[in-house]
$ cat model-v6.txt   # compact mmCIF, C-alpha atoms
# COMPACT_ATOMS: atom_id res chain seq x y z
CA MET A 3 0.00 0.00 0.00
CA ALA A 4 1.30 3.45 -0.91
CA SER A 5 2.29 5.85 1.86
CA VAL A 6 -0.53 8.12 2.98
CA ALA A 7 0.04 11.86 2.85
CA ARG A 8 -3.24 12.96 4.44
CA LYS A 9 -5.31 11.42 7.19
CA PHE A 10 -8.63 12.20 8.88
CA THR A 11 -8.43 12.08 12.67
CA GLY A 12 -12.09 12.40 13.63
CA ASN A 13 -14.36 9.76 15.17
CA PHE A 14 -17.13 8.20 13.06
CA THR A 15 -19.17 7.08 16.08
CA GLN A 16 -18.99 10.29 18.13
CA GLN A 17 -22.24 12.24 18.04
CA GLU A 18 -22.75 15.86 19.00
CA GLY A 19 -23.21 16.48 22.70
CA LEU A 20 -26.69 17.24 24.02
CA SER A 21 -27.79 20.83 24.33
CA ALA A 22 -27.94 22.75 27.58
CA ASP A 23 -31.75 22.57 27.42
CA ALA A 24 -31.67 18.79 27.13
CA ILE A 25 -29.21 18.47 29.99
CA ALA A 26 -31.31 20.77 32.21
CA ALA A 27 -34.45 18.76 31.39
CA ALA A 28 -32.65 15.52 32.28
CA VAL A 29 -31.43 16.95 35.58
CA ALA A 30 -34.94 18.06 36.48
CA VAL A 31 -36.28 14.53 35.90
CA LEU A 32 -33.45 13.00 37.92
CA GLN A 33 -34.06 15.42 40.78
CA SER A 34 -37.75 14.53 40.80
CA GLY A 35 -37.05 10.79 40.98
CA ARG A 36 -40.08 10.18 38.75
CA LEU A 37 -38.50 8.38 35.80
CA HIS A 38 -41.35 5.97 35.03
CA ARG A 39 -43.77 7.43 32.50
CA TYR A 40 -46.81 6.88 34.77
CA ASN A 41 -45.16 8.08 38.00
CA LEU A 42 -46.61 11.59 37.94
CA ALA A 43 -47.39 14.27 40.49
CA PRO A 44 -51.06 15.37 40.75
CA GLY A 45 -51.97 17.36 37.65
CA GLU A 46 -48.64 16.64 35.94
CA VAL A 47 -48.74 15.72 32.24
CA GLY A 48 -45.30 14.11 32.17
CA GLU A 49 -42.37 14.29 29.78
CA VAL A 50 -43.35 11.22 27.74
CA ALA A 51 -46.91 12.38 27.14
CA GLN A 52 -45.67 15.82 26.11
CA LEU A 53 -43.13 14.28 23.73
CA GLU A 54 -45.82 12.08 22.16
CA ALA A 55 -48.04 15.09 21.50
CA GLU A 56 -45.17 17.12 20.10
CA TYR A 57 -43.97 14.32 17.82
CA ARG A 58 -47.53 13.64 16.64
CA ASP A 59 -47.88 17.28 15.64
CA TRP A 60 -44.45 17.42 13.98
CA GLN A 61 -45.07 14.21 12.06
CA GLY A 62 -48.61 15.18 11.08
CA SER A 63 -50.20 11.95 12.29
CA LYS A 64 -53.26 11.49 14.50
CA PHE A 65 -51.64 9.31 17.15
CA CYS A 66 -48.15 8.71 18.53
CA LEU A 67 -46.76 6.20 21.03
CA ALA A 68 -43.26 6.47 22.53
CA VAL A 69 -41.48 3.18 23.19
CA THR A 70 -38.12 1.77 24.23
CA SER A 71 -36.64 1.20 20.77
CA GLY A 72 -37.32 1.24 17.07
CA GLY A 73 -37.13 -2.54 17.06
CA GLN A 74 -39.84 -2.76 19.70
CA ALA A 75 -41.95 -0.34 17.66
CA LEU A 76 -41.66 -2.75 14.71
CA GLN A 77 -42.73 -5.76 16.78
CA ILE A 78 -45.61 -3.87 18.36
CA ALA A 79 -46.75 -2.59 14.97
CA LEU A 80 -46.79 -6.13 13.54
CA ARG A 81 -48.79 -7.46 16.48
CA ALA A 82 -51.17 -4.50 16.43
CA CYS A 83 -51.82 -5.25 12.73
CA ASP A 84 -52.82 -8.84 13.63
CA VAL A 85 -49.69 -10.54 12.26
CA ALA A 86 -49.78 -14.03 13.76
CA PRO A 87 -47.32 -16.93 13.97
CA GLY A 88 -46.91 -18.58 10.59
CA ASP A 89 -48.03 -15.51 8.61
CA LYS A 90 -45.85 -14.31 5.75
CA VAL A 91 -44.58 -10.73 5.83
CA LEU A 92 -42.88 -9.04 2.88
CA THR A 93 -39.77 -6.97 3.50
CA ASN A 94 -36.61 -5.68 1.80
CA ALA A 95 -33.81 -8.14 1.07
CA TYR A 96 -31.46 -5.23 1.86
CA THR A 97 -32.12 -3.93 5.35
CA LEU A 98 -30.75 -4.20 8.87
CA ALA A 99 -31.23 -7.26 11.06
CA PRO A 100 -33.88 -5.75 13.41
CA VAL A 101 -36.38 -5.68 10.52
CA PRO A 102 -36.45 -9.41 9.69
CA GLY A 103 -35.76 -9.94 13.39
CA ALA A 104 -39.05 -8.26 14.32
CA ILE A 105 -40.89 -10.49 11.84
CA ARG A 106 -39.33 -13.59 13.35
CA ALA A 107 -39.93 -12.35 16.91
CA VAL A 108 -43.69 -12.41 16.34
CA GLY A 109 -43.47 -15.89 14.82
CA ALA A 110 -44.01 -14.79 11.21
CA GLU A 111 -41.94 -15.63 8.13
CA ALA A 112 -40.11 -12.99 6.10
CA VAL A 113 -40.58 -12.99 2.33
CA LEU A 114 -37.69 -11.00 0.87
CA VAL A 115 -38.13 -8.52 -1.99
CA GLU A 116 -35.31 -7.47 -4.33
CA ILE A 117 -33.88 -3.94 -4.47
CA ASP A 118 -32.77 -1.85 -7.43
CA GLU A 119 -29.39 -0.22 -8.05
CA ASN A 120 -30.45 2.86 -6.07
CA LEU A 121 -31.16 0.69 -3.01
CA ARG A 122 -34.93 1.09 -3.21
CA LEU A 123 -37.47 -1.72 -3.17
CA ASP A 124 -37.95 -3.22 -6.65
CA LEU A 125 -41.66 -2.60 -7.13
CA ASP A 126 -41.99 -5.10 -9.97
CA ASP A 127 -40.57 -7.80 -7.70
CA LEU A 128 -42.86 -6.62 -4.90
CA ASP A 129 -45.87 -7.07 -7.17
CA ALA A 130 -44.69 -10.56 -8.11
CA LYS A 131 -43.92 -11.57 -4.51
CA ILE A 132 -47.36 -10.42 -3.32
CA ALA A 133 -48.93 -12.68 -5.92
CA SER A 134 -46.66 -15.68 -5.29
CA SER A 135 -46.54 -15.56 -1.48
CA GLY A 136 -50.06 -14.56 -0.53
CA ALA A 137 -48.57 -12.23 2.08
CA ARG A 138 -50.89 -9.43 3.18
CA VAL A 139 -48.41 -7.28 5.17
CA LEU A 140 -45.35 -5.37 3.93
CA LEU A 141 -42.80 -4.20 6.48
CA LEU A 142 -41.17 -1.59 4.26
CA SER A 143 -37.66 -0.57 5.27
CA HIS A 144 -36.64 2.88 4.02
CA MET A 145 -33.11 1.55 4.27
CA ARG A 146 -30.37 4.16 4.65
CA GLY A 147 -32.90 6.92 4.03
CA HIS A 148 -33.89 5.99 0.47
CA LEU A 149 -37.61 6.26 -0.36
CA CYS A 150 -39.02 4.32 -3.28
CA ASP A 151 -41.89 5.66 -5.40
CA MET A 152 -44.41 5.77 -2.56
CA GLU A 153 -47.40 6.51 -4.77
CA ARG A 154 -46.78 3.47 -6.95
CA LEU A 155 -45.97 1.29 -3.93
CA MET A 156 -49.20 2.21 -2.19
CA ALA A 157 -51.19 1.65 -5.40
CA ILE A 158 -49.74 -1.88 -5.65
CA CYS A 159 -50.39 -2.66 -1.99
CA ASP A 160 -53.86 -1.12 -1.84
CA ALA A 161 -54.93 -3.06 -4.93
CA ALA A 162 -53.77 -6.31 -3.31
CA GLN A 163 -55.11 -5.37 0.16
CA VAL A 164 -51.61 -5.46 1.63
CA THR A 165 -51.12 -3.52 4.88
CA VAL A 166 -47.99 -1.35 4.81
CA ILE A 167 -45.91 -0.79 7.94
CA GLU A 168 -43.15 1.77 7.33
CA ASP A 169 -39.79 1.39 9.01
CA CYS A 170 -38.67 5.04 9.15
CA ALA A 171 -35.60 4.58 11.34
CA HIS A 172 -33.49 6.26 8.62
CA THR A 173 -36.10 8.68 7.22
CA MET A 174 -37.29 10.76 10.16
CA GLY A 175 -38.16 14.04 8.44
CA ALA A 176 -37.79 12.79 4.85
CA ARG A 177 -40.60 13.47 2.36
CA TRP A 178 -41.96 12.08 -0.90
CA LYS A 179 -43.62 14.82 -2.95
CA GLY A 180 -43.96 16.89 0.21
CA ARG A 181 -45.56 14.15 2.31
CA ARG A 182 -43.62 12.93 5.31
CA SER A 183 -42.16 9.45 5.34
CA GLY A 184 -44.37 7.43 7.69
CA ASN A 185 -47.62 9.00 6.54
CA PHE A 186 -48.25 6.56 3.68
CA GLY A 187 -48.79 3.18 5.33
CA LYS A 188 -51.08 2.04 8.14
CA VAL A 189 -48.37 2.39 10.80
CA ALA A 190 -44.91 3.96 10.96
CA CYS A 191 -42.00 3.13 13.25
CA PHE A 192 -39.13 5.45 14.15
CA SER A 193 -35.91 5.09 16.14
CA THR A 194 -34.13 7.44 18.53
CA GLN A 195 -31.10 5.21 18.97
CA THR A 196 -27.82 7.12 19.18
CA TYR A 197 -26.97 6.80 15.48
CA LYS A 198 -30.36 7.98 14.24
CA HIS A 199 -31.74 11.52 13.87
CA MET A 200 -32.47 12.10 17.54
CA ASN A 201 -30.38 10.57 20.30
CA SER A 202 -31.78 8.99 23.47
CA GLY A 203 -29.40 6.02 23.47
CA GLU A 204 -32.34 3.74 22.69
CA GLY A 205 -35.93 4.71 22.00
CA GLY A 206 -38.56 4.98 19.32
CA PHE A 207 -42.02 6.05 18.19
CA LEU A 208 -45.00 4.42 16.55
CA THR A 209 -47.39 6.68 14.65
CA THR A 210 -50.70 5.92 12.96
CA ASP A 211 -54.00 7.51 11.96
CA ALA A 212 -55.95 4.39 13.01
CA ALA A 213 -57.45 4.65 16.51
CA ALA A 214 -57.83 0.87 16.89
CA ILE A 215 -54.17 0.25 16.04
CA ALA A 216 -53.03 3.06 18.36
CA ALA A 217 -55.05 1.54 21.20
CA ARG A 218 -53.72 -1.97 20.57
CA ALA A 219 -50.15 -0.68 20.37
CA THR A 220 -50.52 1.28 23.61
CA ILE A 221 -51.71 -1.76 25.54
CA LEU A 222 -48.95 -3.86 23.95
CA SER A 223 -46.36 -1.31 25.12
CA GLY A 224 -47.43 -1.95 28.71
CA SER A 225 -49.85 0.79 29.70
CA TYR A 226 -51.22 -0.97 32.82
CA MET A 227 -54.63 0.48 31.86
CA LEU A 228 -53.20 3.98 32.35
CA TYR A 229 -53.72 4.81 28.68
CA GLU A 230 -55.54 8.05 29.50
CA ARG A 231 -52.17 9.45 30.65
CA HIS A 232 -50.82 9.28 27.08
CA GLY A 233 -50.28 12.51 25.21
CA ALA A 234 -51.28 11.48 21.70
CA GLY A 235 -53.56 8.47 22.00
CA PRO A 236 -57.15 7.81 20.92
CA GLU A 237 -60.29 8.33 22.98
CA PRO A 238 -60.94 5.84 25.83
CA GLU A 239 -63.62 3.95 23.89
CA ALA A 240 -60.93 2.80 21.39
CA TYR A 241 -59.51 0.59 24.15
CA ALA A 242 -62.72 -1.37 24.77
CA ASP A 243 -61.37 -4.60 23.27
CA ALA A 244 -57.64 -3.88 23.16
CA ARG A 245 -57.38 -3.67 26.95
CA TYR A 246 -58.44 -7.33 27.17
CA ASP A 247 -56.90 -8.72 23.98
CA MET A 248 -53.36 -7.35 23.90
CA PRO A 249 -50.49 -8.75 26.03
CA ASN A 250 -48.09 -6.47 27.92
CA CYS A 251 -44.71 -6.31 26.15
CA SER A 252 -43.20 -3.80 28.65
CA ALA A 253 -41.78 -1.40 26.08
CA ARG A 254 -42.56 1.98 27.64
CA MET A 255 -40.33 4.98 27.08
CA ASP A 256 -39.19 6.55 30.37
CA ALA A 257 -39.29 10.21 31.38
CA LEU A 258 -35.52 10.68 31.22
CA ARG A 259 -35.29 9.75 27.56
CA ALA A 260 -38.35 11.82 26.70
CA ALA A 261 -36.89 14.83 28.49
CA ILE A 262 -33.71 14.82 26.38
CA LEU A 263 -35.62 14.16 23.16
CA ARG A 264 -38.00 17.12 23.37
CA PRO A 265 -35.31 19.78 22.81
CA GLN A 266 -33.83 17.65 20.01
CA LEU A 267 -37.20 17.51 18.26
CA ALA A 268 -37.35 21.31 18.37
CA ALA A 269 -33.98 21.43 16.56
CA LEU A 270 -34.62 18.57 14.14
CA ASP A 271 -35.50 20.56 11.03
CA THR A 272 -32.35 22.64 11.44
CA ASN A 273 -30.26 19.51 11.85
CA ILE A 274 -31.77 17.93 8.73
CA ALA A 275 -30.49 20.89 6.72
CA ARG A 276 -27.05 20.47 8.31
CA TRP A 277 -26.94 16.74 7.41
CA ASN A 278 -27.96 17.45 3.84
CA ALA A 279 -25.25 20.08 3.39
CA ARG A 280 -22.65 17.53 4.49
CA TYR A 281 -24.14 14.84 2.27
CA ALA A 282 -24.02 17.12 -0.78
CA LEU A 283 -20.33 17.86 -0.26
CA VAL A 284 -19.40 14.19 -0.15
CA GLU A 285 -21.79 13.16 -2.93
CA ASN A 286 -20.52 15.81 -5.36
CA ARG A 287 -16.91 14.69 -4.93
CA LEU A 288 -17.72 10.97 -5.21
CA GLU A 289 -19.73 11.58 -8.39
CA ALA A 290 -16.59 12.97 -10.03
CA GLN A 291 -14.47 9.91 -9.19
CA ASP A 292 -13.95 7.26 -11.88
CA GLY A 293 -15.38 3.89 -10.90
CA VAL A 294 -17.73 5.22 -8.21
CA ALA A 295 -21.50 4.92 -8.64
CA THR A 296 -23.44 7.17 -6.28
CA ILE A 297 -27.06 6.59 -5.26
CA LYS A 298 -29.44 8.67 -7.35
CA LEU A 299 -31.95 10.75 -5.40
CA PRO A 300 -35.32 11.17 -7.17
CA SER A 301 -36.58 14.73 -7.57
CA ALA A 302 -39.73 13.74 -5.62
CA GLU A 303 -37.65 12.81 -2.57
CA ALA A 304 -36.50 15.19 0.16
CA HIS A 305 -34.05 12.99 2.02
CA VAL A 306 -32.13 13.21 5.30
CA GLY A 307 -28.45 12.64 4.55
CA SER A 308 -27.14 11.32 7.85
CA SER A 309 -25.25 8.58 6.01
CA ILE A 310 -24.04 8.11 2.45
CA GLN A 311 -23.73 5.04 0.23
CA PHE A 312 -21.85 4.36 -2.98
CA ARG A 313 -21.02 1.35 -5.15
CA LEU A 314 -17.88 0.24 -6.97
CA PRO A 315 -19.54 -1.88 -9.69
CA GLY A 316 -16.33 -2.88 -11.48
CA PHE A 317 -14.47 -4.02 -8.37
CA THR A 318 -13.86 -7.58 -7.20
CA ALA A 319 -14.34 -8.69 -3.59
CA GLY A 320 -10.59 -8.46 -3.10
CA GLN A 321 -10.53 -4.91 -4.41
CA CYS A 322 -13.44 -3.96 -2.15
CA ARG A 323 -11.54 -5.25 0.87
CA ALA A 324 -8.51 -3.29 -0.31
CA VAL A 325 -10.61 -0.10 -0.48
CA LEU A 326 -11.69 -0.66 3.13
CA GLU A 327 -8.05 -0.98 4.16
CA ALA A 328 -6.88 1.99 2.10
CA ALA A 329 -9.63 4.18 3.51
CA ALA A 330 -8.90 3.02 7.07
CA ALA A 331 -5.23 3.91 6.59
CA ARG A 332 -6.47 7.43 5.87
CA GLY A 333 -8.68 7.47 8.99
CA VAL A 334 -11.94 6.92 7.08
CA GLU A 335 -14.29 4.25 8.45
CA LEU A 336 -16.26 2.68 5.62
CA LYS A 337 -18.62 -0.28 5.93
CA TRP A 338 -18.94 -2.88 3.16
CA PHE A 339 -22.09 -4.93 2.66
CA GLY A 340 -20.39 -7.54 0.45
CA ALA A 341 -18.48 -9.43 3.15
CA LYS A 342 -19.40 -13.08 3.69
CA GLU A 343 -19.45 -12.70 7.47
CA PRO A 344 -21.65 -10.15 9.27
CA ALA A 345 -19.70 -7.22 10.72
CA GLY A 346 -21.41 -4.66 12.94
CA PHE A 347 -24.60 -3.50 11.26
CA THR A 348 -23.59 -4.69 7.78
CA SER A 349 -25.21 -8.11 7.92
CA ALA A 350 -26.77 -9.47 4.73
CA HIS A 351 -29.73 -11.78 4.25
CA PRO A 352 -27.69 -15.04 4.02
CA SER A 353 -26.54 -14.47 7.62
CA TRP A 354 -30.12 -14.24 8.97
CA ARG A 355 -30.59 -17.94 9.76
CA TYR A 356 -33.97 -17.20 11.31
CA VAL A 357 -35.19 -16.25 7.81
CA PRO A 358 -35.78 -19.04 5.24
CA ALA A 359 -32.99 -18.97 2.64
CA GLN A 360 -34.11 -17.16 -0.49
CA ASN A 361 -32.55 -16.52 -3.89
CA MET A 362 -31.89 -12.78 -4.24
CA PRO A 363 -29.56 -12.38 -7.24
CA ALA A 364 -30.18 -8.68 -7.90
CA THR A 365 -29.76 -7.70 -4.25
CA ASP A 366 -26.64 -9.86 -3.88
CA ARG A 367 -25.06 -8.29 -6.96
CA ILE A 368 -25.75 -4.76 -5.73
CA MET A 369 -24.59 -5.41 -2.16
CA ALA A 370 -21.38 -7.10 -3.34
CA THR A 371 -19.83 -3.68 -4.09
CA LEU A 372 -21.90 -1.47 -1.76
CA PHE A 373 -20.20 0.83 0.76
CA ASP A 374 -21.75 2.88 3.54
CA MET A 375 -20.51 5.69 5.76
CA ARG A 376 -22.01 7.69 8.61
CA LEU A 377 -22.07 11.50 8.46
CA PRO A 378 -22.45 12.56 12.10
CA LEU A 379 -23.06 16.23 12.81
CA SER A 380 -19.87 16.22 14.87
CA PHE A 381 -18.14 16.44 11.45
CA SER A 382 -17.72 19.94 10.05
CA GLU A 383 -18.30 20.63 6.36
CA ASP A 384 -14.52 20.89 5.95
CA ASP A 385 -14.20 17.45 7.54
CA CYS A 386 -16.68 16.06 5.02
CA ALA A 387 -14.82 17.60 2.09
CA LEU A 388 -11.58 16.02 3.32
CA ILE A 389 -13.21 12.63 3.91
CA ALA A 390 -14.60 12.63 0.36
CA GLU A 391 -11.13 13.37 -1.04
CA LEU A 392 -9.63 10.56 1.03
CA ILE A 393 -12.24 8.05 -0.17
CA CYS A 394 -11.46 8.99 -3.76
CA GLU A 395 -7.73 8.60 -3.07
CA ALA A 396 -8.38 5.12 -1.65
CA VAL A 397 -10.51 4.08 -4.63
CA GLY A 398 -7.96 5.46 -7.08
CA GLU A 399 -5.09 3.69 -5.31
CA VAL A 400 -6.82 0.31 -5.51
CA ALA A 401 -7.97 0.81 -9.10
CA SER A 402 -4.48 1.78 -10.36
$ encode --input "model-v6.txt" --output "structure tokens"
Amino acid sequence: MASVARKFTGNFTQQEGLSADAIAAAVAVLQSGRLHRYNLAPGEVGEVAQLEAEYRDWQGSKFCLAVTSGGQALQIALRACDVAPGDKVLTNAYTLAPVPGAIRAVGAEAVLVEIDENLRLDLDDLDAKIASSGARVLLLSHMRGHLCDMERLMAICDAAQVTVIEDCAHTMGARWKGRRSGNFGKVACFSTQTYKHMNSGEGGFLTTDAAAIAARATILSGSYMLYERHGAGPEPEAYADARYDMPNCSARMDALRAAILRPQLAALDTNIARWNARYALVENRLEAQDGVATIKLPSAEAHVGSSIQFRLPGFTAGQCRAVLEAAAARGVELKWFGAKEPAGFTSAHPSWRYVPAQNMPATDRIMATLFDMRLPLSFSEDDCALIAELICEAVGEVAS
């Protein structure tokens, strides 16, 4: 490997620190001792209920439930939509393990759908898989923030009476033709894990416009019949059956996490613009590099660029590994989805042994040369410009 003249010295897993408002809110909760969402003083609304109402209004949904993680939101959504053991559930062949994991956790079977070269669900394959599988639920992963043609997708699913659950862990704040991600399907699930768009360590939301689903989800989250203390739930009569039918999954968000999320929600639109500025810097440089294929963003999509992906279509597996090493020597932490063994979050469908093995030639071909990189807001725009140059140096070194 050639000697490296320049090197990035930043940290790809270090997020921005929390604001003074978030820290003060956390201290106030700690001083009160009332961390459980239902442990309230007389007349107190509570941090979690306030967060639910604020997120409902920001998202533009009718109902919102705050839970312990995005993965729990997925499982609760599936159960609330009557997915039962043995049912088949459609989902992306390219996604992260918690998505097929949620399907397996409720006893259902994942039916994988191919992706296209821009990492979006292949809607022709979706149409075919609906017909061949008989599945009546799609757990749609907006993987790495990329929205497919949501109008066409919903037309396909509505015609086949397929319920759509949107996994919006990577698209909080994204839009398709002005409409927020999460407002297309029956239910949407969001994450506030540290590497997502708001940071509570772990946490998540479930949003829906369906009162019956909101009620079922609330009881599933473990409301102990205290559902009237929620900030963005349906009227009490919506719980008439759910309160008896739904098991308690103990997935309540606590007051401490809600307290630090509320100030972050207030700053989210500003932060989306900051992510997208960083994304554009890196994307523009990668587009100019020979051998690099960037991910095309449709004009209908307003994305949230908190990570960036690119492909090296002409490279072998050995060359892809060499790019990882060359980038690492320059201080740049890339992830590669083409490795045979799962590494961190870059697992691929053959490593999900809880999912029946399925032939996914298009997805496998695309993932074989697919790279991914986080763009935390702790990076300055100058940092991002340097990182892009270093990636191009690494690719050029291996290609030469």
$ closest_residue --input "model-v6.txt" --among "A:Ser202, A:Thr93, A:Asn41, A:Thr210" --to "A:Val357" --atoms "all atoms listed in the file"
A:Thr93
$ residues_around --input "model-v6.txt" --residues "A:Val139" --least-positions-apart "3" --cutoff "8 Å" --atoms "all atoms listed in the file" --output "JSON, numbers by chain"
{"A": [85, 90, 91, 92, 164, 165, 166, 167]}
$ residues_around --input "model-v6.txt" --residues "A:Ala24" --least-positions-apart "6" --cutoff "8 Å" --atoms "only C-alpha atoms" --output "PyMOL selection string"
chain A and resi 261-266
$ residues_around --input "model-v6.txt" --residues "A:Gly235" --least-positions-apart "2" --cutoff "7 Å" --atoms "only C-alpha atoms" --output "PyMOL selection string"
chain A and resi 65-66+216+232-233+237
$ write_last_selection --input "model-v6.txt" --atoms "C-alpha atoms" --output "PDB file, in the coordinates of the input"
ATOM      1  CA  PHE A  65     -51.640   9.310  17.150  1.00  0.00           C
ATOM      2  CA  CYS A  66     -48.150   8.710  18.530  1.00  0.00           C
ATOM      3  CA  ALA A 216     -53.030   3.060  18.360  1.00  0.00           C
ATOM      4  CA  HIS A 232     -50.820   9.280  27.080  1.00  0.00           C
ATOM      5  CA  GLY A 233     -50.280  12.510  25.210  1.00  0.00           C
ATOM      6  CA  GLU A 237     -60.290   8.330  22.980  1.00  0.00           C
TER       7      GLU A 237
END
$ closest_atom_pairs --input "model-v6.txt" --of "stretch 291-385 of chain A" --to "stretch 102-110 of chain A" --cutoff "9 Å" --atoms "all atoms listed in the file" --output "tab-separated table"
residue	atom	partner	partner_atom	distance
A:His351	CA	A:Pro102	CA	9.0
A:Trp354	CA	A:Pro102	CA	8.0
A:Tyr356	CA	A:Arg106	CA	6.8
A:Val357	CA	A:Pro102	CA	7.2
$ closest_residue --input "model-v6.txt" --among "A:Arg332, A:Lys337, A:Arg81, A:His305" --to "A:Arg8" --atoms "all atoms listed in the file"
A:Arg332
$ closest_atom_pairs --input "model-v6.txt" --of "stretch 268-337 of chain A" --to "stretch 150-156 of chain A" --cutoff "10 Å" --atoms "only C-alpha atoms" --output "CSV"
residue,atom,partner,partner_atom,distance
A:Leu299,CA,A:Cys150,CA,9.8
A:Pro300,CA,A:Cys150,CA,8.7
A:Ala302,CA,A:Asp151,CA,8.4
A:Glu303,CA,A:Cys150,CA,8.6
$ closest_residue --input "model-v6.txt" --among "A:Gln360, A:Leu53, A:Ala350, A:Asp292" --to "A:Lys131" --atoms "all atoms listed in the file"
A:Gln360
$ atom_distance --input "model-v6.txt" --atom1 "atom CA of A:Glu116" --atom2 "atom CA of A:Ala95"
5.6 Å
$ closest_residue --input "model-v6.txt" --among "A:Arg355, A:Lys64, A:His172, A:His199" --to "A:Ala212" --atoms "only C-alpha atoms"
A:Lys64
$ atom_distance --input "model-v6.txt" --atom1 "atom CA of A:Leu222" --atom2 "atom CA of A:Glu54"
16.3 Å
$ build_atoms --input "model-v6.txt" --residues "stretch 314-333 of chain A" --atoms "N, CA and C atoms" --output "compact mmCIF listing (two decimals), in the frame of the given file"
# COMPACT_ATOMS: atom_id res chain seq x y z
N LEU A 314 -19.04 0.36 -6.09
CA LEU A 314 -17.88 0.24 -6.97
C LEU A 314 -18.14 -0.94 -7.91
N PRO A 315 -19.02 -0.76 -8.90
CA PRO A 315 -19.54 -1.88 -9.69
C PRO A 315 -18.49 -2.71 -10.40
N GLY A 316 -17.35 -2.12 -10.76
CA GLY A 316 -16.33 -2.88 -11.48
C GLY A 316 -15.32 -3.58 -10.59
N PHE A 317 -15.48 -3.50 -9.28
CA PHE A 317 -14.47 -4.02 -8.37
C PHE A 317 -14.78 -5.47 -7.96
N THR A 318 -13.73 -6.24 -7.75
CA THR A 318 -13.86 -7.58 -7.20
C THR A 318 -13.98 -7.51 -5.68
N ALA A 319 -14.28 -8.65 -5.05
CA ALA A 319 -14.34 -8.69 -3.59
C ALA A 319 -13.00 -8.32 -2.98
N GLY A 320 -11.92 -8.80 -3.60
CA GLY A 320 -10.59 -8.46 -3.10
C GLY A 320 -10.31 -6.97 -3.18
N GLN A 321 -10.72 -6.35 -4.27
CA GLN A 321 -10.53 -4.91 -4.41
C GLN A 321 -11.38 -4.14 -3.40
N CYS A 322 -12.59 -4.62 -3.14
CA CYS A 322 -13.44 -3.96 -2.15
C CYS A 322 -12.80 -4.01 -0.77
N ARG A 323 -12.25 -5.16 -0.42
CA ARG A 323 -11.54 -5.25 0.87
C ARG A 323 -10.34 -4.31 0.88
N ALA A 324 -9.67 -4.19 -0.23
CA ALA A 324 -8.51 -3.29 -0.31
C ALA A 324 -8.93 -1.84 -0.14
N VAL A 325 -10.10 -1.47 -0.67
CA VAL A 325 -10.61 -0.10 -0.48
C VAL A 325 -10.88 0.15 1.00
N LEU A 326 -11.48 -0.82 1.68
CA LEU A 326 -11.69 -0.66 3.13
C LEU A 326 -10.38 -0.37 3.83
N GLU A 327 -9.35 -1.14 3.50
CA GLU A 327 -8.05 -0.98 4.16
C GLU A 327 -7.39 0.35 3.79
N ALA A 328 -7.49 0.73 2.53
CA ALA A 328 -6.88 1.99 2.10
C ALA A 328 -7.57 3.18 2.73
N ALA A 329 -8.90 3.10 2.85
CA ALA A 329 -9.63 4.18 3.51
C ALA A 329 -9.29 4.23 5.00
N ALA A 330 -9.23 3.06 5.64
CA ALA A 330 -8.90 3.02 7.07
C ALA A 330 -7.52 3.59 7.34
N ALA A 331 -6.58 3.35 6.43
CA ALA A 331 -5.23 3.91 6.59
C ALA A 331 -5.25 5.42 6.56
N ARG A 332 -6.30 5.97 5.94
CA ARG A 332 -6.47 7.43 5.87
C ARG A 332 -7.43 7.94 6.94
N GLY A 333 -7.82 7.07 7.89
CA GLY A 333 -8.68 7.47 8.99
C GLY A 333 -10.16 7.49 8.67
